[in-house]
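First up is the structure itself, then whatever we jot down about it.
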Amino acid sequence: MLMAYLLSTHKVGKTMNPYQLLRNALNFFASTDLTENGITLAKNPDSKAPSLPEFHAAFSVVFVDPSGHLNLLADMTAFTYKRIQHEASLSLTFWDDPTVDGFQALLMTPKSMLRTYDNVFKLVNLVKLQTSCKKLLLLNELMDHSGNYVLTALPFVLSLLQRGLGERIHLLVHSLPQDPEWPVDSAPPKHKDQPPLNIGLLLNLEHALSVLERGPPADNPKAAEFRQLWGSRSQLRRFQDGAITEAVLWSSNSISQRRFIVLKIITHLLELHADIPNSCIMFVGGQLDVVIGCGIQNHTTGEEESLEVVQSYDDLSKKLWQLKDLPLSITSVQGAHQALRYTQVSHLLGYIQLCDIFLTLTLTFGLFSPTSLPVDLLLEDIREEAADLLVASLFLHAAPFTPPSSPQVGFLRFLHVLSTFDWKNNPLIVNLNGKLTAVEQTDIKNDFVASRESLPTMFIVTPSEKKVSVWTKEAPSVQMLQRAVMLAAESLRVLETQLDSGEKQDMRVAFRPPLEAYDVLIHLDSKQVPLLAKAVDPPVNTFRRGTHGGQPFTSGGALPVIDYDPVRLYMSELREAFGDLALFFYDLYGGTVIAVLWKPAAFEPKPFKTSLMNARRVEVNDDVATTVPNVEAILQDFRIIGEGLVKRLELRTEKWVV
């Protein structure tokens, strides 16, 4: 019907190809608001046909059929049409960008609600919407919908949320109640048995986390309307500019708590105006935000200090950015905040090279820091700078999405990109500051194809590194990248399944590394693990690691031991001594187990050579001397090298023979 309308109004022609037809349809959606200016296919409607203004009085969105009596979009809410407009406008933007593969991004990439919207809420126990219809005085509308209280209440509930959230959001969308099927010889399903409704929000970070909702002055006629919307939460407050206005203040002590202000607004408004209790509203990802938040908070003592941690890293990057052009030689850094006391000098030197760019990102996309922190939980095999560039690509090259504005959606997209990107056949181009032109990006891809065999497994390109992937030259290897891809894909599957279930579950399961596939597990003394408090499952009682006891300083703090990380040193020695025989895996953030995987090729018998006897023993068969790894000696070396750190070895001998 839409294409017929476009043809009848000469917005498309019969000679147009499919691409032109699709583009013109998208352009029509992006530029035409059917919630305000409906359209009709009726050329000569009869005298009884309603006018367009009459249709608008009865329906949210209007598209009248050729008879002049039927609104083809009678069941569509204004919010669904706004979503269509948003997607159409976004699609045109990406299609006009020569650096974006429009076909892949727009026609081949699924956009699940969890990966598209910054916040997702579920409205469960829908029978409560019966009470909402009474509270909102929607009995006439309820009859129009033949008693379907879900469809009746939905537009009014959404309008209420739109009023309350205001500038905090760019877009509010919802899932569509599905028309159920049932056998003809049985009763139809009841409305209360419908699955939960999903509500998605695209946040406006400029206002989304604000603790203050400032209303009109007390003597303004709109003050009564403000008080009616917010109820008892609205109070008169005097501000520094001398104004006395209505205002709503939301208590919050940290960034992680501010992320729940939107939830507080939704639950307050729905209970006040629609009699929908808190128990009917589930914040999908609230549990995941807590897991990610713990990763941030546990940089310190595990208390609610994530705001200070992020600010400390930002402050650090700003100071490094100011110093980056000076002829300095940094040999040691002492962070004043506890969050920085375990920061490695090597990490800071790498940070200096990228901090100015990542600071263009933090100021533009306020979420960059908290999104980049939790991704480190998965990837012991990928350098932090490479992981940061991966995260940066989510903001700079978001197609088919908008840049993420919540830790949850940023983390899910990170897992998706890592697990689905074609690392074998494509370079990941991170166009920092937009310095690479479309022609340059094409040249980079052509050079990559021509030189693929000599390039790293994971090849990440930036404007300053067009031919060399600086941060992935040494790692990951093919096996390590395969492992990271597998872990990311499985973590994404588990997280999205649990988040979409609508039930409260343990989200940490996706962050616990699977240990079944390894040959040897080296269990460490937790007292020697400096970042134990940052573990996925930190112990209840923790103590300061990397500090020297004795008399405290006058400042009251313990003496910090710079770069105290025996596990990292142990891992380095293991890889140096036995890297040709095994792969070693470890969770840098509080892990207490090192997982060992033997390399199958290393266990094949090799000709005897005195120069190749390291960690090997001689076997003689038919007067032919060969060498094989001396597993017993290797395991003993694991214990000796890690004396004081290694607690015990767990041998998976069912997988191999000593």
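Numbering starts fresh at 1 for the residues of each chain in the structure tokens, the chains themselves are lettered A, B, ... in the order given, and ligands are numbered from 1 as they appear.
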Report as a PyMOL selection string all protein, DNA and RNA residues lying within 6 Å of region 577-588 of chain A, evaluated on only C-alpha atoms, omitting residues in the same chain fewer than 4 positions from it.
chain A and resi 380+594-599+602
Residues of region 227-293 of chain A in helix (DSSP H, G or I), written as a PyMOL selection string:
chain A and resi 227-233+255-258+261-274+278-280+286-293
With N, CA, C and O atoms retained, write the just-selected residues as a tab-separated table (two decimals), in the first residue's frame.
```tsv
chain	number	residue	atom	x	y	z
A	227	ARG	N	3.54	19.44	39.42
A	227	ARG	CA	3.24	18.75	40.68
A	227	ARG	C	2.32	17.56	40.44
A	227	ARG	O	2.44	16.52	41.08
A	228	GLN	N	1.38	17.72	39.49
A	228	GLN	CA	0.46	16.61	39.21
A	228	GLN	C	1.23	15.43	38.63
A	228	GLN	O	0.93	14.26	38.94
A	229	LEU	N	2.24	15.69	37.79
A	229	LEU	CA	3.02	14.62	37.18
A	229	LEU	C	3.86	13.88	38.20
A	229	LEU	O	3.89	12.64	38.22
A	230	TRP	N	4.52	14.63	39.10
A	230	TRP	CA	5.49	14.01	40.00
A	230	TRP	C	4.94	13.70	41.38
A	230	TRP	O	5.59	12.99	42.15
A	231	GLY	N	3.79	14.21	41.71
A	231	GLY	CA	3.20	13.91	43.01
A	231	GLY	C	4.06	14.39	44.16
A	231	GLY	O	4.65	15.48	44.11
A	232	SER	N	4.19	13.57	45.18
A	232	SER	CA	4.91	13.97	46.40
A	232	SER	C	6.41	14.13	46.17
A	232	SER	O	7.10	14.70	47.02
A	233	ARG	N	6.94	13.64	45.04
A	233	ARG	CA	8.37	13.80	44.77
A	233	ARG	C	8.73	15.25	44.45
A	233	ARG	O	9.88	15.66	44.58
A	255	ILE	N	28.21	7.11	39.82
A	255	ILE	CA	27.76	6.95	38.45
A	255	ILE	C	26.90	5.70	38.31
A	255	ILE	O	25.87	5.70	37.63
A	256	SER	N	27.33	4.61	38.94
A	256	SER	CA	26.56	3.37	38.81
A	256	SER	C	25.17	3.53	39.39
A	256	SER	O	24.20	2.97	38.86
A	257	GLN	N	25.01	4.30	40.46
A	257	GLN	CA	23.68	4.55	41.02
A	257	GLN	C	22.87	5.47	40.11
A	257	GLN	O	21.66	5.31	39.97
A	258	ARG	N	23.54	6.42	39.47
A	258	ARG	CA	22.82	7.33	38.57
A	258	ARG	C	22.20	6.59	37.39
A	258	ARG	O	21.21	7.04	36.82
A	261	ILE	N	18.56	5.94	37.84
A	261	ILE	CA	17.59	7.03	38.00
A	261	ILE	C	16.43	6.86	37.02
A	261	ILE	O	15.27	7.08	37.38
A	262	VAL	N	16.73	6.47	35.79
A	262	VAL	CA	15.66	6.25	34.81
A	262	VAL	C	14.68	5.19	35.33
A	262	VAL	O	13.46	5.33	35.18
A	263	LEU	N	15.22	4.13	35.93
A	263	LEU	CA	14.35	3.09	36.51
A	263	LEU	C	13.48	3.67	37.62
A	263	LEU	O	12.28	3.37	37.72
A	264	LYS	N	14.07	4.52	38.46
A	264	LYS	CA	13.31	5.14	39.55
A	264	LYS	C	12.16	5.99	38.99
A	264	LYS	O	11.05	5.98	39.53
A	265	ILE	N	12.44	6.72	37.92
A	265	ILE	CA	11.41	7.56	37.31
A	265	ILE	C	10.28	6.70	36.78
A	265	ILE	O	9.09	6.99	37.00
A	266	ILE	N	10.62	5.63	36.08
A	266	ILE	CA	9.60	4.76	35.49
A	266	ILE	C	8.73	4.12	36.56
A	266	ILE	O	7.50	4.12	36.47
A	267	THR	N	9.36	3.56	37.58
A	267	THR	CA	8.58	2.89	38.62
A	267	THR	C	7.71	3.88	39.38
A	267	THR	O	6.56	3.59	39.72
A	268	HIS	N	8.23	5.08	39.65
A	268	HIS	CA	7.46	6.08	40.37
A	268	HIS	C	6.22	6.51	39.58
A	268	HIS	O	5.10	6.53	40.12
A	269	LEU	N	6.41	6.83	38.30
A	269	LEU	CA	5.30	7.33	37.50
A	269	LEU	C	4.24	6.25	37.26
A	269	LEU	O	3.04	6.53	37.30
A	270	LEU	N	4.67	5.03	37.00
A	270	LEU	CA	3.70	3.96	36.73
A	270	LEU	C	2.90	3.60	37.97
A	270	LEU	O	1.70	3.30	37.89
A	271	GLU	N	3.53	3.65	39.13
A	271	GLU	CA	2.79	3.34	40.36
A	271	GLU	C	1.85	4.49	40.71
A	271	GLU	O	0.72	4.28	41.14
A	272	LEU	N	2.31	5.73	40.51
A	272	LEU	CA	1.51	6.89	40.88
A	272	LEU	C	0.29	7.05	39.98
A	272	LEU	O	-0.82	7.31	40.46
A	273	HIS	N	0.48	6.88	38.68
A	273	HIS	CA	-0.59	7.22	37.73
A	273	HIS	C	-1.32	6.02	37.14
A	273	HIS	O	-2.43	6.17	36.63
A	274	ALA	N	-0.69	4.84	37.18
A	274	ALA	CA	-1.31	3.68	36.52
A	274	ALA	C	-1.50	2.50	37.45
A	274	ALA	O	-1.92	1.43	37.00
A	278	ASN	N	5.96	-1.83	41.57
A	278	ASN	CA	7.36	-2.05	41.21
A	278	ASN	C	7.62	-3.48	40.77
A	278	ASN	O	8.48	-3.74	39.93
A	279	SER	N	6.89	-4.42	41.35
A	279	SER	CA	7.12	-5.84	41.05
A	279	SER	C	6.82	-6.19	39.60
A	279	SER	O	7.24	-7.23	39.11
A	280	CYS	N	6.09	-5.33	38.89
A	280	CYS	CA	5.75	-5.59	37.49
A	280	CYS	C	6.78	-5.03	36.52
A	280	CYS	O	6.64	-5.18	35.31
A	286	GLY	N	19.91	-4.67	34.70
A	286	GLY	CA	20.25	-4.14	36.00
A	286	GLY	C	21.25	-5.05	36.69
A	286	GLY	O	22.21	-4.61	37.33
A	287	GLN	N	21.04	-6.37	36.51
A	287	GLN	CA	21.97	-7.33	37.10
A	287	GLN	C	23.33	-7.27	36.41
A	287	GLN	O	24.38	-7.35	37.04
A	288	LEU	N	23.30	-7.10	35.07
A	288	LEU	CA	24.57	-7.02	34.34
A	288	LEU	C	25.31	-5.75	34.68
A	288	LEU	O	26.53	-5.74	34.81
A	289	ASP	N	24.59	-4.62	34.86
A	289	ASP	CA	25.24	-3.38	35.27
A	289	ASP	C	25.92	-3.53	36.61
A	289	ASP	O	26.98	-2.96	36.86
A	290	VAL	N	25.31	-4.32	37.50
A	290	VAL	CA	25.92	-4.55	38.81
A	290	VAL	C	27.21	-5.33	38.65
A	290	VAL	O	28.22	-5.03	39.28
A	291	VAL	N	27.21	-6.35	37.76
A	291	VAL	CA	28.43	-7.13	37.53
A	291	VAL	C	29.52	-6.25	36.96
A	291	VAL	O	30.65	-6.25	37.43
A	292	ILE	N	29.18	-5.46	35.92
A	292	ILE	CA	30.16	-4.56	35.33
A	292	ILE	C	30.57	-3.51	36.34
A	292	ILE	O	31.73	-3.15	36.46
A	293	GLY	N	29.62	-3.01	37.10
A	293	GLY	CA	29.91	-2.01	38.11
A	293	GLY	C	30.89	-2.52	39.14
A	293	GLY	O	31.78	-1.81	39.57
```
Exercise: region 515-530 of chain A partners within 8 Å, only C-alpha atoms, chain neighbours under 2 positions left out, as a ChimeraX atom specification
/A:513,532,544-546,564-567,590-598,644-653,655-656
Which residues are near Pro403 (chain A)? Cut-off 9 Å, only C-alpha atoms, ignore same chain within fewer than 6 positions. Put them as JSON, numbers by chain.
{"A": [365, 394, 395, 396, 397, 410]}
Print the selection's residues with N, CA, C and O atoms to a file, as an mmCIF file, in the first residue's frame.
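Saved to out12.cif:
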```cif
data_model
loop_
_atom_site.group_PDB
_atom_site.id
_atom_site.type_symbol
_atom_site.label_atom_id
_atom_site.label_comp_id
_atom_site.auth_asym_id
_atom_site.auth_seq_id
_atom_site.Cartn_x
_atom_site.Cartn_y
_atom_site.Cartn_z
ATOM 1 N N PHE A 365 31.746 10.892 23.682
ATOM 2 C CA PHE A 365 30.855 9.828 24.137
ATOM 3 C C PHE A 365 31.194 9.580 25.597
ATOM 4 O O PHE A 365 32.133 8.859 25.907
ATOM 5 N N LEU A 394 33.238 0.699 18.406
ATOM 6 C CA LEU A 394 31.798 0.654 18.672
ATOM 7 C C LEU A 394 31.188 2.045 18.657
ATOM 8 O O LEU A 394 30.013 2.216 18.314
ATOM 9 N N PHE A 395 31.981 3.050 19.043
ATOM 10 C CA PHE A 395 31.499 4.426 19.081
ATOM 11 C C PHE A 395 31.685 5.125 17.736
ATOM 12 O O PHE A 395 30.822 5.885 17.307
ATOM 13 N N LEU A 396 32.829 4.854 17.097
ATOM 14 C CA LEU A 396 33.147 5.558 15.855
ATOM 15 C C LEU A 396 32.469 4.946 14.643
ATOM 16 O O LEU A 396 32.202 5.626 13.661
ATOM 17 N N HIS A 397 32.216 3.654 14.687
ATOM 18 C CA HIS A 397 31.612 2.938 13.560
ATOM 19 C C HIS A 397 30.456 2.091 14.087
ATOM 20 O O HIS A 397 30.516 0.865 14.115
ATOM 21 N N GLY A 410 27.005 -1.471 25.408
ATOM 22 C CA GLY A 410 28.372 -1.406 24.913
ATOM 23 C C GLY A 410 29.084 -2.738 25.050
ATOM 24 O O GLY A 410 29.801 -3.175 24.144
#
```
Within 12 Å of Ala57 (chain A), counting only C-alpha atoms, which residues show up once you throw out same-chain ones fewer than 6 positions away? Write them as a ChimeraX atom specification, please.
/A:35-38,50-51,74
Store the residues picked out above, limited to N, CA and C atoms, as a PDB file, in the first residue's frame.
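The resulting file, again.pdb, is shown below:
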```
ATOM      1  N   THR A  35       1.981  10.656  12.315  1.00  0.00           N
ATOM      2  CA  THR A  35       1.249  10.904  13.565  1.00  0.00           C
ATOM      3  C   THR A  35       0.626  12.291  13.552  1.00  0.00           C
ATOM      4  N   GLU A  36       1.122  13.163  12.691  1.00  0.00           N
ATOM      5  CA  GLU A  36       0.602  14.526  12.585  1.00  0.00           C
ATOM      6  C   GLU A  36      -0.116  14.767  11.261  1.00  0.00           C
ATOM      7  N   ASN A  37       0.454  14.253  10.186  1.00  0.00           N
ATOM      8  CA  ASN A  37      -0.099  14.482   8.843  1.00  0.00           C
ATOM      9  C   ASN A  37      -0.313  13.146   8.147  1.00  0.00           C
ATOM     10  N   GLY A  38      -1.474  12.559   8.370  1.00  0.00           N
ATOM     11  CA  GLY A  38      -1.788  11.276   7.773  1.00  0.00           C
ATOM     12  C   GLY A  38      -1.926  11.358   6.270  1.00  0.00           C
ATOM     13  N   PRO A  50     -14.842   9.231   6.821  1.00  0.00           N
ATOM     14  CA  PRO A  50     -14.303  10.245   7.751  1.00  0.00           C
ATOM     15  C   PRO A  50     -13.187  11.052   7.081  1.00  0.00           C
ATOM     16  N   SER A  51     -13.017  12.260   7.542  1.00  0.00           N
ATOM     17  CA  SER A  51     -11.915  13.093   7.055  1.00  0.00           C
ATOM     18  C   SER A  51     -10.629  12.705   7.774  1.00  0.00           C
ATOM     19  N   ALA A  74      -4.238   1.301  12.182  1.00  0.00           N
ATOM     20  CA  ALA A  74      -5.101   1.547  13.344  1.00  0.00           C
ATOM     21  C   ALA A  74      -4.487   1.066  14.645  1.00  0.00           C
TER      22      ALA A  74
END
```
Using only C-alpha atoms, determine which residues lie at most 7 Å from region 625-628 of chain A, disregarding the query and same-chain residues fewer than 4 positions distant; provide the list as a list in words.
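Returned residues: Phe603, Glu604, Pro605, Lys606, Pro607, Phe608, Arg616, Arg617, Val618, Glu619, Val620 and Asn621 of chain A.
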Mind dumping a table of every region 400-429 of chain A residue within 12 Å of region 435-446 of chain A, with the nearest atom pair and its distance in Å to one decimal, using only C-alpha atoms, sorted by chain and rising number, as a Markdown table?
```
| residue | atom | partner | partner_atom | distance |
| --- | --- | --- | --- | --- |
| A:Asn425 | CA | A:Lys445 | CA | 9.2 |
| A:Asn426 | CA | A:Lys445 | CA | 6.9 |
| A:Pro427 | CA | A:Lys445 | CA | 6.7 |
| A:Leu428 | CA | A:Lys445 | CA | 9.4 |
| A:Ile429 | CA | A:Gln441 | CA | 7.6 |
```
Given only C-alpha atoms as the basis, pick out the residue of A:Ala187, A:Leu197, A:Val449, A:Ala386 nearest to Val470 (chain A).
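Looking only at the distances to Val470 (chain A), the closest residue turns out to be A:Ala386.
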Kindly indicate which residue among A:Ser406, A:Ser112, A:Asn27, A:Gln482 lies nearest to Trp423 (chain A), using only C-alpha atoms for the distances.
A:Gln482
I'd like the contact shell of His145 (chain A) - 12 Å cut-off, only C-alpha atoms, skipping same-chain residues fewer than 4 positions apart - returned as a ChimeraX atom specification.
/A:74-75,133,138-141,149-154,191
note - CA of Glu632 (chain A) and CA of Met480 (chain A) are separated by 25.7 Å
If you measure from CA of Met1 (chain A) to CA of Phe63 (chain A), what distance in Å do you get, rounded to one decimal?
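CA of Phe63 (chain A) lies 9.2 Å from CA of Met1 (chain A).
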Which one of A:Ser234, A:Asn431, A:Ser393, A:Thr93 sits closest to Val417 (chain A) if you count only C-alpha atoms?
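Ranked by minimum distance to Val417 (chain A), first place goes to A:Ser393.
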Residues of region 89-220 of chain A in strand (DSSP E) according to DSSP, as an MDAnalysis selection string?
chainID A and resid 119:123 169:174 197:203 212:217
Just N, CA, C and O atoms for this one: save the residues we selected as a compact mmCIF listing (two decimals), in the first residue's frame.
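Output (selection.txt):
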```txt
# COMPACT_ATOMS: atom_id res chain seq x y z
N ASN A 119 18.81 1.12 27.50
CA ASN A 119 18.08 0.53 28.62
C ASN A 119 16.90 -0.25 28.07
O ASN A 119 16.22 0.22 27.14
N VAL A 120 16.64 -1.41 28.63
CA VAL A 120 15.47 -2.20 28.26
C VAL A 120 14.74 -2.59 29.54
O VAL A 120 15.37 -3.04 30.50
N PHE A 121 13.43 -2.38 29.56
CA PHE A 121 12.60 -2.74 30.70
C PHE A 121 11.55 -3.74 30.24
O PHE A 121 11.09 -3.71 29.10
N LYS A 122 11.18 -4.64 31.14
CA LYS A 122 10.10 -5.57 30.86
C LYS A 122 8.92 -5.26 31.76
O LYS A 122 9.09 -5.05 32.97
N LEU A 123 7.74 -5.22 31.16
CA LEU A 123 6.50 -5.05 31.91
C LEU A 123 5.87 -6.43 32.02
O LEU A 123 5.41 -7.00 31.02
N ILE A 169 15.93 11.06 27.22
CA ILE A 169 15.95 10.05 26.17
C ILE A 169 15.81 10.68 24.79
O ILE A 169 15.23 11.75 24.63
N HIS A 170 16.38 10.00 23.80
CA HIS A 170 16.18 10.38 22.40
C HIS A 170 14.98 9.64 21.81
O HIS A 170 14.31 10.17 20.93
N LEU A 171 14.76 8.41 22.28
CA LEU A 171 13.73 7.58 21.68
C LEU A 171 13.20 6.59 22.69
O LEU A 171 13.95 6.04 23.50
N LEU A 172 11.87 6.36 22.65
CA LEU A 172 11.21 5.35 23.48
C LEU A 172 10.48 4.40 22.54
O LEU A 172 9.68 4.83 21.71
N VAL A 173 10.79 3.10 22.64
CA VAL A 173 10.15 2.11 21.76
C VAL A 173 9.58 0.98 22.61
O VAL A 173 9.86 0.87 23.81
N HIS A 174 8.79 0.13 21.97
CA HIS A 174 8.22 -1.00 22.71
C HIS A 174 8.05 -2.18 21.76
O HIS A 174 7.98 -2.02 20.54
N LEU A 197 5.88 -7.27 27.96
CA LEU A 197 6.15 -6.20 26.99
C LEU A 197 7.54 -5.63 27.25
O LEU A 197 7.91 -5.37 28.40
N ASN A 198 8.30 -5.43 26.19
CA ASN A 198 9.63 -4.83 26.32
C ASN A 198 9.57 -3.36 25.95
O ASN A 198 8.94 -2.98 24.97
N ILE A 199 10.20 -2.54 26.76
CA ILE A 199 10.30 -1.10 26.50
C ILE A 199 11.78 -0.75 26.39
O ILE A 199 12.58 -1.04 27.29
N GLY A 200 12.17 -0.15 25.25
CA GLY A 200 13.57 0.21 25.03
C GLY A 200 13.76 1.71 24.99
O GLY A 200 12.90 2.45 24.51
N LEU A 201 14.91 2.16 25.50
CA LEU A 201 15.22 3.59 25.55
C LEU A 201 16.58 3.86 24.92
O LEU A 201 17.55 3.16 25.20
N LEU A 202 16.63 4.86 24.05
CA LEU A 202 17.90 5.42 23.61
C LEU A 202 18.17 6.63 24.48
O LEU A 202 17.41 7.61 24.45
N LEU A 203 19.22 6.57 25.27
CA LEU A 203 19.48 7.62 26.25
C LEU A 203 20.16 8.83 25.62
O LEU A 203 20.95 8.71 24.68
N LEU A 212 18.68 15.86 39.05
CA LEU A 212 17.70 16.93 39.29
C LEU A 212 16.74 17.08 38.12
O LEU A 212 17.15 17.12 36.96
N GLU A 213 15.47 17.16 38.45
CA GLU A 213 14.43 17.49 37.48
C GLU A 213 13.88 18.86 37.88
O GLU A 213 13.10 18.97 38.83
N ARG A 214 14.34 19.90 37.21
CA ARG A 214 13.96 21.26 37.60
C ARG A 214 12.69 21.68 36.88
O ARG A 214 12.60 21.63 35.65
N GLY A 215 11.69 22.09 37.64
CA GLY A 215 10.40 22.47 37.08
C GLY A 215 10.22 23.97 36.99
O GLY A 215 11.18 24.75 37.16
N PRO A 216 9.00 24.43 36.74
CA PRO A 216 8.71 25.86 36.59
C PRO A 216 8.70 26.56 37.95
O PRO A 216 8.61 25.93 39.00
N PRO A 217 8.81 27.90 37.95
CA PRO A 217 8.71 28.66 39.20
C PRO A 217 7.38 28.41 39.88
O PRO A 217 6.38 28.03 39.25
```
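Checking A:Lys609, A:Ala399, A:Glu573, A:Asp275 one by one against Leu107 (chain A), counting only C-alpha atoms, you find the shortest gap at A:Ala399.
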Smallest atom-to-atom distance to Leu492 (chain A): which of A:Leu6, A:Ala535, A:Leu114, A:Leu72, using only C-alpha atoms?
A:Leu114
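From CA of Pro514 (chain A) back to CA of Glu474 (chain A), the distance works out to 24.8 Å.
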